[in-house]
file upload_28.pdb (PDB, C-alpha atoms)
ATOM      1  CA  MET A 767       0.000   0.000   0.000
ATOM      2  CA  LEU A 768       1.266   3.439  -0.910
ATOM      3  CA  THR A 769       1.786   6.025   1.841
ATOM      4  CA  ALA A 770       0.568   9.630   1.708
ATOM      5  CA  ASP A 771       4.165  10.897   1.656
ATOM      6  CA  TYR A 772       5.078   8.636  -1.264
ATOM      7  CA  VAL A 773       2.001   9.771  -3.213
ATOM      8  CA  LEU A 774       2.895  13.419  -2.518
ATOM      9  CA  GLY A 775       6.402  12.894  -3.858
ATOM     10  CA  LEU A 776       5.137  11.139  -6.956
ATOM     11  CA  VAL A 777       2.542  13.867  -7.586
ATOM     12  CA  ASP A 778       5.139  16.618  -7.053
ATOM     13  CA  GLY A 779       7.222  14.874  -9.700
ATOM     14  CA  GLU A 780       4.674  13.743 -12.262
ATOM     15  CA  GLY A 781       1.182  14.785 -11.212
ATOM     16  CA  SER A 782      -0.994  17.290 -13.017
ATOM     17  CA  PHE A 783      -3.878  19.437 -11.834
ATOM     18  CA  ALA A 784      -5.588  20.573 -14.997
ATOM     19  CA  VAL A 785      -8.760  22.348 -16.097
ATOM     20  CA  HIS A 786     -10.097  21.635 -19.552
ATOM     21  CA  PHE A 787     -12.688  23.822 -21.266
ATOM     22  CA  ASN A 788     -14.912  22.310 -23.937
ATOM     23  CA  LYS A 789     -15.849  24.337 -26.936
ATOM     24  CA  SER A 790     -17.932  21.580 -28.469
ATOM     25  CA  GLN A 791     -21.667  22.074 -28.080
ATOM     26  CA  ARG A 792     -22.191  18.333 -28.170
ATOM     27  CA  ARG A 793     -20.432  17.727 -24.904
ATOM     28  CA  ARG A 794     -22.386  18.232 -21.774
ATOM     29  CA  ALA A 795     -19.762  19.768 -19.528
ATOM     30  CA  LYS A 796     -18.243  23.136 -20.336
ATOM     31  CA  VAL A 797     -15.481  22.814 -17.791
ATOM     32  CA  GLU A 798     -13.678  19.636 -16.747
ATOM     33  CA  PRO A 799     -11.206  19.720 -13.867
ATOM     34  CA  ARG A 800      -8.914  16.692 -13.982
ATOM     35  CA  PHE A 801      -6.260  15.284 -11.703
ATOM     36  CA  CYS A 802      -3.838  13.133 -13.729
ATOM     37  CA  LEU A 803      -0.558  11.304 -13.394
ATOM     38  CA  LYS A 804       1.227   9.755 -16.362
ATOM     39  CA  LEU A 805       3.841   6.990 -16.291
ATOM     40  CA  ARG A 806       5.393   4.738 -18.896
ATOM     41  CA  ALA A 807       3.565   1.479 -19.592
ATOM     42  CA  GLU A 808       6.106  -0.537 -17.633
ATOM     43  CA  ASP A 809       5.089   1.314 -14.460
ATOM     44  CA  ARG A 810       1.364   0.943 -14.902
ATOM     45  CA  ILE A 811       1.078  -1.058 -11.686
ATOM     46  CA  LEU A 812       1.851   2.133  -9.756
ATOM     47  CA  LEU A 813      -1.142   3.822 -11.390
ATOM     48  CA  ASP A 814      -3.376   0.957 -10.259
ATOM     49  CA  GLU A 815      -1.969   1.424  -6.751
ATOM     50  CA  LEU A 816      -2.758   5.156  -6.940
ATOM     51  CA  ARG A 817      -6.349   4.323  -7.901
ATOM     52  CA  ASP A 818      -6.573   1.991  -4.897
ATOM     53  CA  PHE A 819      -4.948   4.603  -2.653
ATOM     54  CA  PHE A 820      -7.405   7.360  -3.574
ATOM     55  CA  GLY A 821     -10.335   4.964  -3.912
ATOM     56  CA  CYS A 822     -11.417   6.626  -7.137
ATOM     57  CA  GLY A 823     -10.356   7.396 -10.704
ATOM     58  CA  GLN A 824      -9.442   5.262 -13.680
ATOM     59  CA  VAL A 825      -6.282   4.167 -15.488
ATOM     60  CA  TYR A 826      -6.214   4.887 -19.231
ATOM     61  CA  ILE A 827      -3.800   4.244 -22.047
ATOM     62  CA  GLN A 828      -2.131   7.468 -23.226
ATOM     63  CA  ARG A 829      -1.590   7.326 -26.947
ATOM     64  CA  ASP A 830       1.245   9.351 -28.380
ATOM     65  CA  HIS A 831       2.170   9.132 -32.040
ATOM     66  CA  ARG A 832       5.342  11.194 -31.839
ATOM     67  CA  PRO A 833       8.592   9.390 -32.588
ATOM     68  CA  ASN A 834      10.796   8.316 -29.669
ATOM     69  CA  HIS A 835       7.925   8.447 -27.199
ATOM     70  CA  SER A 836       7.223   5.317 -25.256
ATOM     71  CA  LEU A 837       3.741   3.996 -24.565
ATOM     72  CA  CYS A 838       2.288   5.516 -21.417
ATOM     73  CA  TYR A 839      -0.685   5.143 -19.136
ATOM     74  CA  ARG A 840      -2.330   7.762 -16.983
ATOM     75  CA  PHE A 841      -4.298   7.696 -13.774
ATOM     76  CA  GLU A 842      -7.118  10.228 -14.005
ATOM     77  CA  VAL A 843      -9.845  11.533 -11.744
ATOM     78  CA  SER A 844     -12.374  13.737 -13.506
ATOM     79  CA  ASN A 845     -15.583  12.808 -11.676
ATOM     80  CA  ARG A 846     -16.605  16.002  -9.881
ATOM     81  CA  GLN A 847     -17.871  14.312  -6.746
ATOM     82  CA  GLU A 848     -14.673  12.268  -6.428
ATOM     83  CA  LEU A 849     -12.541  15.368  -6.979
ATOM     84  CA  PHE A 850     -14.508  17.278  -4.343
ATOM     85  CA  GLU A 851     -14.783  14.504  -1.776
ATOM     86  CA  LYS A 852     -11.475  12.648  -2.205
ATOM     87  CA  ILE A 853      -8.786  14.474  -4.184
ATOM     88  CA  ILE A 854      -9.250  18.005  -2.800
ATOM     89  CA  PRO A 855      -9.414  16.878   0.863
ATOM     90  CA  PHE A 856      -6.310  14.705   0.453
ATOM     91  CA  PHE A 857      -4.185  17.580  -0.857
ATOM     92  CA  GLU A 858      -5.659  19.999   1.689
ATOM     93  CA  GLN A 859      -4.409  17.660   4.397
ATOM     94  CA  ASN A 860      -1.189  16.835   2.527
ATOM     95  CA  PRO A 861      -0.174  19.987   0.643
ATOM     96  CA  PRO A 862       2.235  19.532  -2.275
ATOM     97  CA  ARG A 863       5.786  20.510  -1.350
ATOM     98  CA  SER A 864       6.834  21.866  -4.712
ATOM     99  CA  PRO A 865       5.957  25.551  -5.215
ATOM    100  CA  SER A 866       4.561  24.923  -8.718
ATOM    101  CA  LYS A 867       2.241  22.132  -7.546
ATOM    102  CA  GLN A 868       1.170  24.135  -4.493
ATOM    103  CA  ARG A 869       0.104  26.947  -6.788
ATOM    104  CA  ASP A 870      -1.573  24.682  -9.347
ATOM    105  CA  PHE A 871      -3.454  22.850  -6.610
ATOM    106  CA  GLY A 872      -4.626  26.163  -5.132
ATOM    107  CA  PHE A 873      -6.168  27.256  -8.437
ATOM    108  CA  PHE A 874      -7.491  23.769  -9.165
ATOM    109  CA  ARG A 875      -9.175  23.636  -5.763
ATOM    110  CA  GLN A 876     -10.910  26.964  -6.422
ATOM    111  CA  VAL A 877     -12.189  25.727  -9.788
ATOM    112  CA  VAL A 878     -13.507  22.463  -8.316
ATOM    113  CA  ILE A 879     -15.307  24.381  -5.560
ATOM    114  CA  LEU A 880     -16.792  26.798  -8.116
ATOM    115  CA  VAL A 881     -17.991  23.877 -10.253
ATOM    116  CA  ARG A 882     -19.505  22.309  -7.139
ATOM    117  CA  GLN A 883     -21.436  25.565  -6.660
ATOM    118  CA  ASP A 884     -22.594  25.427 -10.314
ATOM    119  CA  ALA A 885     -20.712  28.648 -11.090
ATOM    120  CA  HIS A 886     -19.854  27.255 -14.522
ATOM    121  CA  LEU A 887     -23.481  27.597 -15.563
ATOM    122  CA  THR A 888     -23.104  31.369 -15.938
ATOM    123  CA  ASP A 889     -20.789  33.184 -18.337
ATOM    124  CA  ALA A 890     -19.303  35.196 -15.477
ATOM    125  CA  GLY A 891     -18.597  32.036 -13.487
ATOM    126  CA  LEU A 892     -17.021  30.339 -16.494
ATOM    127  CA  GLU A 893     -14.863  33.389 -17.145
ATOM    128  CA  SER A 894     -13.586  33.423 -13.565
ATOM    129  CA  MET A 895     -12.631  29.752 -13.961
ATOM    130  CA  ARG A 896     -10.789  30.534 -17.183
ATOM    131  CA  GLN A 897      -8.809  33.194 -15.359
ATOM    132  CA  LEU A 898      -7.901  30.753 -12.598
ATOM    133  CA  ALA A 899      -6.915  28.047 -15.080
ATOM    134  CA  ALA A 900      -4.788  30.481 -17.092
ATOM    135  CA  GLN A 901      -2.505  30.863 -14.068
ATOM    136  CA  MET A 902      -1.809  27.137 -13.828
ATOM    137  CA  HIS A 903       1.211  25.371 -15.237
ATOM    138  CA  TRP A 904      -0.520  21.993 -15.487
ATOM    139  CA  GLY A 905       2.299  20.271 -13.787
ATOM    140  CA  SER A 906       4.550  19.601 -16.696
ATOM    141  CA  LEU A 907       8.232  20.346 -16.995
ATOM    142  CA  ASP A 908       7.768  20.657 -20.697
ATOM    143  CA  ALA A 909       5.208  22.767 -22.516
ATOM    144  CA  LEU A 910       5.188  20.157 -25.268
ATOM    145  CA  ASP A 911       4.608  17.349 -22.826
ATOM    146  CA  THR A 912       2.145  14.755 -24.057
ATOM    147  CA  LEU A 913      -0.188  15.265 -21.116
ATOM    148  CA  VAL A 914      -0.378  19.005 -21.710
ATOM    149  CA  GLN A 915      -0.952  18.418 -25.410
ATOM    150  CA  TRP A 916      -3.653  15.946 -24.566
ATOM    151  CA  GLU A 917      -5.241  18.275 -22.021
ATOM    152  CA  ARG A 918      -5.145  21.153 -24.451
ATOM    153  CA  GLY A 919      -6.474  18.945 -27.220
ATOM    154  CA  ILE A 920      -3.650  19.581 -29.661
ATOM    155  CA  GLY A 921      -1.313  17.314 -31.517
ATOM    156  CA  PHE A 922      -3.201  14.079 -31.005
ATOM    157  CA  LYS A 923      -4.788  11.971 -33.682
TER     158      LYS A 923
ATOM    159  CA  MET B 973      12.554  18.031   6.228
ATOM    160  CA  LEU B 974      11.686  15.539   3.524
ATOM    161  CA  THR B 975      10.730  11.978   4.472
ATOM    162  CA  ALA B 976      12.158   8.830   2.877
ATOM    163  CA  ASP B 977       8.744   7.956   1.414
ATOM    164  CA  TYR B 978       8.357  11.401  -0.151
ATOM    165  CA  VAL B 979      11.842  11.188  -1.682
ATOM    166  CA  LEU B 980      11.035   7.721  -3.065
ATOM    167  CA  GLY B 981       7.875   9.031  -4.709
ATOM    168  CA  LEU B 982       9.699  12.011  -6.188
ATOM    169  CA  VAL B 983      12.510   9.782  -7.482
ATOM    170  CA  ASP B 984      10.033   7.277  -8.956
ATOM    171  CA  GLY B 985       8.479  10.212 -10.798
ATOM    172  CA  GLU B 986      11.451  12.307 -11.852
ATOM    173  CA  GLY B 987      14.676  10.673 -10.696
ATOM    174  CA  SER B 988      17.335   9.261 -12.974
ATOM    175  CA  PHE B 989      20.007   6.642 -12.394
ATOM    176  CA  ALA B 990      22.431   7.117 -15.255
ATOM    177  CA  VAL B 991      25.859   5.910 -16.349
ATOM    178  CA  HIS B 992      27.881   8.150 -18.628
ATOM    179  CA  PHE B 993      30.888   6.913 -20.603
ATOM    180  CA  ASN B 994      33.549   9.400 -21.644
ATOM    181  CA  LYS B 995      35.204   9.041 -24.984
ATOM    182  CA  SER B 996      37.397  12.076 -24.493
ATOM    183  CA  GLN B 997      40.958  11.219 -23.591
ATOM    184  CA  ARG B 998      41.301  14.487 -21.739
ATOM    185  CA  ARG B 999      38.861  13.549 -19.044
ATOM    186  CA  ARG B1000      40.132  11.471 -16.203
ATOM    187  CA  ALA B1001      37.180   9.183 -15.614
ATOM    188  CA  LYS B1002      36.062   6.731 -18.279
ATOM    189  CA  VAL B1003      32.788   5.935 -16.547
ATOM    190  CA  GLU B1004      30.640   8.299 -14.523
ATOM    191  CA  PRO B1005      27.600   6.966 -12.653
ATOM    192  CA  ARG B1006      25.227   9.800 -11.771
ATOM    193  CA  PHE B1007      22.061  10.056  -9.738
ATOM    194  CA  CYS B1008      20.030  13.052 -10.927
ATOM    195  CA  LEU B1009      16.654  14.667 -10.456
ATOM    196  CA  LYS B1010      15.462  17.567 -12.602
ATOM    197  CA  LEU B1011      12.746  20.087 -11.771
ATOM    198  CA  ARG B1012      11.669  23.410 -13.194
ATOM    199  CA  ALA B1013      13.416  26.475 -11.813
ATOM    200  CA  GLU B1014      10.395  27.432  -9.717
ATOM    201  CA  ASP B1015      10.794  24.210  -7.723
ATOM    202  CA  ARG B1016      14.505  24.545  -7.105
ATOM    203  CA  ILE B1017      13.962  24.702  -3.338
ATOM    204  CA  LEU B1018      12.974  21.015  -3.436
ATOM    205  CA  LEU B1019      16.339  20.177  -4.999
ATOM    206  CA  ASP B1020      18.099  21.992  -2.147
ATOM    207  CA  GLU B1021      15.993  19.956   0.272
ATOM    208  CA  LEU B1022      17.018  16.750  -1.540
ATOM    209  CA  ARG B1023      20.678  17.747  -1.163
ATOM    210  CA  ASP B1024      20.111  18.295   2.568
ATOM    211  CA  PHE B1025      18.196  15.007   2.835
ATOM    212  CA  PHE B1026      20.941  12.915   1.242
ATOM    213  CA  GLY B1027      23.737  15.003   2.782
ATOM    214  CA  CYS B1028      25.580  15.076  -0.532
ATOM    215  CA  GLY B1029      25.366  16.198  -4.156
ATOM    216  CA  GLN B1030      25.004  19.571  -5.820
ATOM    217  CA  VAL B1031      22.270  21.588  -7.509
ATOM    218  CA  TYR B1032      23.065  22.787 -11.038
ATOM    219  CA  ILE B1033      21.290  24.856 -13.634
ATOM    220  CA  GLN B1034      20.096  22.703 -16.566
ATOM    221  CA  ARG B1035      20.346  24.676 -19.745
ATOM    222  CA  ASP B1036      18.012  23.764 -22.565
ATOM    223  CA  HIS B1037      17.894  25.756 -25.778
ATOM    224  CA  ARG B1038      14.869  24.043 -27.277
ATOM    225  CA  PRO B1039      11.753  26.165 -27.748
ATOM    226  CA  ASN B1040       8.928  25.831 -25.220
ATOM    227  CA  HIS B1041      11.195  24.360 -22.578
ATOM    228  CA  SER B1042      11.296  26.108 -19.253
ATOM    229  CA  LEU B1043      14.465  26.725 -17.280
ATOM    230  CA  CYS B1044      15.283  23.787 -15.035
ATOM    231  CA  TYR B1045      17.665  22.839 -12.275
ATOM    232  CA  ARG B1046      18.944  19.418 -11.395
ATOM    233  CA  PHE B1047      20.174  17.790  -8.203
ATOM    234  CA  GLU B1048      23.107  15.537  -9.028
ATOM    235  CA  VAL B1049      25.343  13.141  -7.157
ATOM    236  CA  SER B1050      28.325  11.935  -9.171
ATOM    237  CA  ASN B1051      30.991  11.670  -6.475
ATOM    238  CA  ARG B1052      31.796   7.955  -6.281
ATOM    239  CA  GLN B1053      32.229   7.830  -2.540
ATOM    240  CA  GLU B1054      28.930   9.628  -1.962
ATOM    241  CA  LEU B1055      27.158   7.320  -4.415
ATOM    242  CA  PHE B1056      28.613   4.252  -2.681
ATOM    243  CA  GLU B1057      28.158   5.406   0.896
ATOM    244  CA  LYS B1058      24.923   7.414   0.718
ATOM    245  CA  ILE B1059      22.838   6.950  -2.428
ATOM    246  CA  ILE B1060      23.181   3.171  -2.885
ATOM    247  CA  PRO B1061      22.474   2.348   0.792
ATOM    248  CA  PHE B1062      19.419   4.616   0.826
ATOM    249  CA  PHE B1063      17.801   2.878  -2.144
ATOM    250  CA  GLU B1064      18.823  -0.549  -0.857
ATOM    251  CA  GLN B1065      16.882   0.239   2.310
ATOM    252  CA  ASN B1066      14.107   2.041   0.429
ATOM    253  CA  PRO B1067      13.699   0.281  -2.916
ATOM    254  CA  PRO B1068      11.979   2.246  -5.704
ATOM    255  CA  ARG B1069       8.366   1.149  -6.170
ATOM    256  CA  SER B1070       8.162   1.653  -9.912
ATOM    257  CA  PRO B1071       9.345  -1.354 -11.944
ATOM    258  CA  SER B1072      11.431   0.823 -14.287
ATOM    259  CA  LYS B1073      13.263   2.550 -11.433
ATOM    260  CA  GLN B1074      13.764  -0.750  -9.590
ATOM    261  CA  ARG B1075      15.463  -2.131 -12.672
ATOM    262  CA  ASP B1076      17.513   0.989 -13.346
ATOM    263  CA  PHE B1077      18.648   1.150  -9.742
ATOM    264  CA  GLY B1078      19.658  -2.528  -9.848
ATOM    265  CA  PHE B1079      21.945  -1.963 -12.840
ATOM    266  CA  PHE B1080      23.189   1.361 -11.469
ATOM    267  CA  ARG B1081      24.081  -0.275  -8.153
ATOM    268  CA  GLN B1082      26.099  -2.951  -9.957
ATOM    269  CA  VAL B1083      28.010  -0.308 -11.927
ATOM    270  CA  VAL B1084      28.796   1.740  -8.800
ATOM    271  CA  ILE B1085      30.060  -1.386  -7.004
ATOM    272  CA  LEU B1086      32.207  -2.335 -10.032
ATOM    273  CA  VAL B1087      33.665   1.186 -10.143
ATOM    274  CA  ARG B1088      34.367   0.961  -6.427
ATOM    275  CA  GLN B1089      36.347  -2.228  -7.185
ATOM    276  CA  ASP B1090      38.255  -0.394  -9.951
ATOM    277  CA  ALA B1091      36.783  -2.724 -12.580
ATOM    278  CA  HIS B1092      36.585   0.234 -15.005
ATOM    279  CA  LEU B1093      40.379   0.217 -15.268
ATOM    280  CA  THR B1094      40.296  -2.865 -17.492
ATOM    281  CA  ASP B1095      38.669  -3.149 -20.901
ATOM    282  CA  ALA B1096      36.701  -6.196 -19.791
ATOM    283  CA  GLY B1097      35.413  -4.384 -16.727
ATOM    284  CA  LEU B1098      34.443  -1.346 -18.782
ATOM    285  CA  GLU B1099      32.656  -3.563 -21.288
ATOM    286  CA  SER B1100      30.634  -5.255 -18.556
ATOM    287  CA  MET B1101      29.576  -1.807 -17.302
ATOM    288  CA  ARG B1102      28.543  -0.820 -20.810
ATOM    289  CA  GLN B1103      26.369  -3.906 -21.005
ATOM    290  CA  LEU B1104      24.738  -3.080 -17.661
ATOM    291  CA  ALA B1105      24.167   0.551 -18.672
ATOM    292  CA  ALA B1106      22.669  -0.470 -22.013
ATOM    293  CA  GLN B1107      19.807  -2.135 -20.146
ATOM    294  CA  MET B1108      18.856   1.039 -18.278
ATOM    295  CA  HIS B1109      16.126   3.445 -19.269
ATOM    296  CA  TRP B1110      17.686   6.417 -17.476
ATOM    297  CA  GLY B1111      14.476   7.262 -15.819
ATOM    298  CA  SER B1112      12.857   9.349 -18.462
ATOM    299  CA  LEU B1113       9.365   9.044 -19.849
ATOM    300  CA  ASP B1114      10.610  10.568 -23.042
ATOM    301  CA  ALA B1115      13.624   9.505 -25.056
ATOM    302  CA  LEU B1116      14.049  13.132 -26.098
ATOM    303  CA  ASP B1117      13.946  14.330 -22.516
ATOM    304  CA  THR B1118      16.476  17.029 -21.747
ATOM    305  CA  LEU B1119      18.138  15.007 -19.020
ATOM    306  CA  VAL B1120      18.651  12.024 -21.292
ATOM    307  CA  GLN B1121      19.976  14.287 -24.019
ATOM    308  CA  TRP B1122      22.299  15.885 -21.537
ATOM    309  CA  GLU B1123      23.433  12.530 -20.176
ATOM    310  CA  ARG B1124      24.013  11.192 -23.639
ATOM    311  CA  GLY B1125      25.792  14.358 -24.657
ATOM    312  CA  ILE B1126      23.588  15.173 -27.623
ATOM    313  CA  GLY B1127      21.578  18.190 -28.576
ATOM    314  CA  PHE B1128      23.141  20.641 -26.139
ATOM    315  CA  LYS B1129      25.136  23.712 -27.024
TER     316      LYS B1129
END

call {"tool": "encode", "arguments": {"input": "upload_28.pdb", "output": "structure tokens"}}
result
Amino acid sequence: MLTADYVLGLVDGEGSFAVHFNKSQRRRAKVEPRFCLKLRAEDRILLDELRDFFGCGQVYIQRDHRPNHSLCYRFEVSNRQELFEKIIPFFEQNPPRSPSKQRDFGFFRQVVILVRQDAHLTDAGLESMRQLAAQMHWGSLDALDTLVQWERGIGFK
Amino acid sequence: MLTADYVLGLVDGEGSFAVHFNKSQRRRAKVEPRFCLKLRAEDRILLDELRDFFGCGQVYIQRDHRPNHSLCYRFEVSNRQELFEKIIPFFEQNPPRSPSKQRDFGFFRQVVILVRQDAHLTDAGLESMRQLAAQMHWGSLDALDTLVQWERGIGFK
């Protein structure tokens, strides 16, 4: 079983607090907060352990068609109730140690709380979420990182 | 102060056990095992905390001239005595949880022990280290990762 300190270290290294905005009219949700962590396929077992640790979320394959990129999987929590009741409380009690993750989590937490209050149903509420999300780094060392590309919906077939 | 579990999580996410071979005749060492961990500049304080935690190593700036790559720093231990007396024992007592890091650490440990026994002073010893190093992933999700490029001596000005 993973410990809270181990999970914090792993999240500080590879975790991502992200907020995705849908432009498509077909999709129900206009704003989708997501907590993700990506690892290479060989380390997928750790993602299953994360799912067991948090008691929520799913493990997905992360397709990447760029050359020299290995097959990856990601652990993801996007269910709003699970984010509000499990992910947010965990990181409130166990704050990230890295300054960038502390900041990202702070903005992410505000967005999740706003969504919980249905603020995304008004234009003003949605705009305030966009402003919060714009200040986040999305947890990647690399602006061309696959997870960021995936979150931002670019570069994937 | 960081905990061992936190450090393990961070290393499973972002750490790198690497072995560098020098072709240059000017450099003294033919083989250089290195334990590294790279983070964006904003999170440099965590690298200082890692240095304090292990009681060895240095924090360096990690230059990267590629577009869309943020400034990074890395914590690095390359001193052989420190690797043998501090890094190897820590991960023997606290094995990485991710399969890829477990494997990399296993090969890295063998190389450090061989270097400690001066095996790198013979061609046969050096060749056995090359074979061990060839089986390592060097801890990166991405074969084009800056740290791997840096370790392999390609792509940097």

call {"tool": "interface_residues", "arguments": {"input": "upload_28.pdb", "of": "chain A", "to": "chain B", "cutoff": "8 Å", "atoms": "all atoms listed in the file", "output": "list in words"}}
result
Thr769, Asp771, Tyr772, Val773, Leu774, Gly775, Leu776, Val777, Asp778, Gly779, Glu780, Leu805, Arg806, Glu808, Asp809, Ile811, Leu812, Asn834, His835, Ser836, Arg863, Ser864, Pro865, Ser866, Leu907, Asp908, Ala909 and Leu910 of chain A

call {"tool": "write_last_selection", "arguments": {"input": "upload_28.pdb", "atoms": "C-alpha atoms", "output": "PDB file, in the coordinates of the input"}}
result
ATOM      1  CA  THR A 769       1.786   6.025   1.841  1.00  0.00           C
ATOM      2  CA  ASP A 771       4.165  10.897   1.656  1.00  0.00           C
ATOM      3  CA  TYR A 772       5.078   8.636  -1.264  1.00  0.00           C
ATOM      4  CA  VAL A 773       2.001   9.771  -3.213  1.00  0.00           C
ATOM      5  CA  LEU A 774       2.895  13.419  -2.518  1.00  0.00           C
ATOM      6  CA  GLY A 775       6.402  12.894  -3.858  1.00  0.00           C
ATOM      7  CA  LEU A 776       5.137  11.139  -6.956  1.00  0.00           C
ATOM      8  CA  VAL A 777       2.542  13.867  -7.586  1.00  0.00           C
ATOM      9  CA  ASP A 778       5.139  16.618  -7.053  1.00  0.00           C
ATOM     10  CA  GLY A 779       7.222  14.874  -9.700  1.00  0.00           C
ATOM     11  CA  GLU A 780       4.674  13.743 -12.262  1.00  0.00           C
ATOM     12  CA  LEU A 805       3.841   6.990 -16.291  1.00  0.00           C
ATOM     13  CA  ARG A 806       5.393   4.738 -18.896  1.00  0.00           C
ATOM     14  CA  GLU A 808       6.106  -0.537 -17.633  1.00  0.00           C
ATOM     15  CA  ASP A 809       5.089   1.314 -14.460  1.00  0.00           C
ATOM     16  CA  ILE A 811       1.078  -1.058 -11.686  1.00  0.00           C
ATOM     17  CA  LEU A 812       1.851   2.133  -9.756  1.00  0.00           C
ATOM     18  CA  ASN A 834      10.796   8.316 -29.669  1.00  0.00           C
ATOM     19  CA  HIS A 835       7.925   8.447 -27.199  1.00  0.00           C
ATOM     20  CA  SER A 836       7.223   5.317 -25.256  1.00  0.00           C
ATOM     21  CA  ARG A 863       5.786  20.510  -1.350  1.00  0.00           C
ATOM     22  CA  SER A 864       6.834  21.866  -4.712  1.00  0.00           C
ATOM     23  CA  PRO A 865       5.957  25.551  -5.215  1.00  0.00           C
ATOM     24  CA  SER A 866       4.561  24.923  -8.718  1.00  0.00           C
ATOM     25  CA  LEU A 907       8.232  20.346 -16.995  1.00  0.00           C
ATOM     26  CA  ASP A 908       7.768  20.657 -20.697  1.00  0.00           C
ATOM     27  CA  ALA A 909       5.208  22.767 -22.516  1.00  0.00           C
ATOM     28  CA  LEU A 910       5.188  20.157 -25.268  1.00  0.00           C
TER      29      LEU A 910
END

call {"tool": "atom_distance", "arguments": {"input": "upload_28.pdb", "atom1": "atom CA of Phe1056 of chain B", "atom2": "atom CA of Val991 of chain B"}}
result
14.0 Å

call {"tool": "atom_distance", "arguments": {"input": "upload_28.pdb", "atom1": "atom CA of Gly821 of chain A", "atom2": "atom CA of Asn845 of chain A"}}
result
12.2 Å

call {"tool": "atom_distance", "arguments": {"input": "upload_28.pdb", "atom1": "atom CA of Pro855 of chain A", "atom2": "atom CA of Cys802 of chain A"}}
result
16.1 Å

call {"tool": "resolve_selection", "arguments": {"input": "upload_28.pdb", "expression": "the PyMOL selection byres ((chain A and resi 877-879) around 12)", "output": "MDAnalysis selection string"}}
result
chainID A and resid 783:787 797:801 844:855 870:876 880:886 891:902

call {"tool": "closest_residue", "arguments": {"input": "upload_28.pdb", "among": "B:Glu1064, B:Asp1095, B:Glu1048, B:Glu1021", "to": "Ile1033 of chain B", "atoms": "only C-alpha atoms"}}
result
B:Glu1048

call {"tool": "axis_aligned_box", "arguments": {"input": "upload_28.pdb", "around": "segment 813-831 of chain A", "padding_each_side": "3 Å", "output": "AutoDock Vina command-line options"}}
result
--center_x -4.6 --center_y 5.2 --center_z -17.3 --size_x 19.6 --size_y 14.4 --size_z 35.4

call {"tool": "residues_near_point", "arguments": {"input": "upload_28.pdb", "point": "(-4.9, -0.8, -0.6)", "cutoff": "6 Å", "atoms": "only C-alpha atoms", "output": "PyMOL selection string"}}
result
chain A and resi 767+818-819
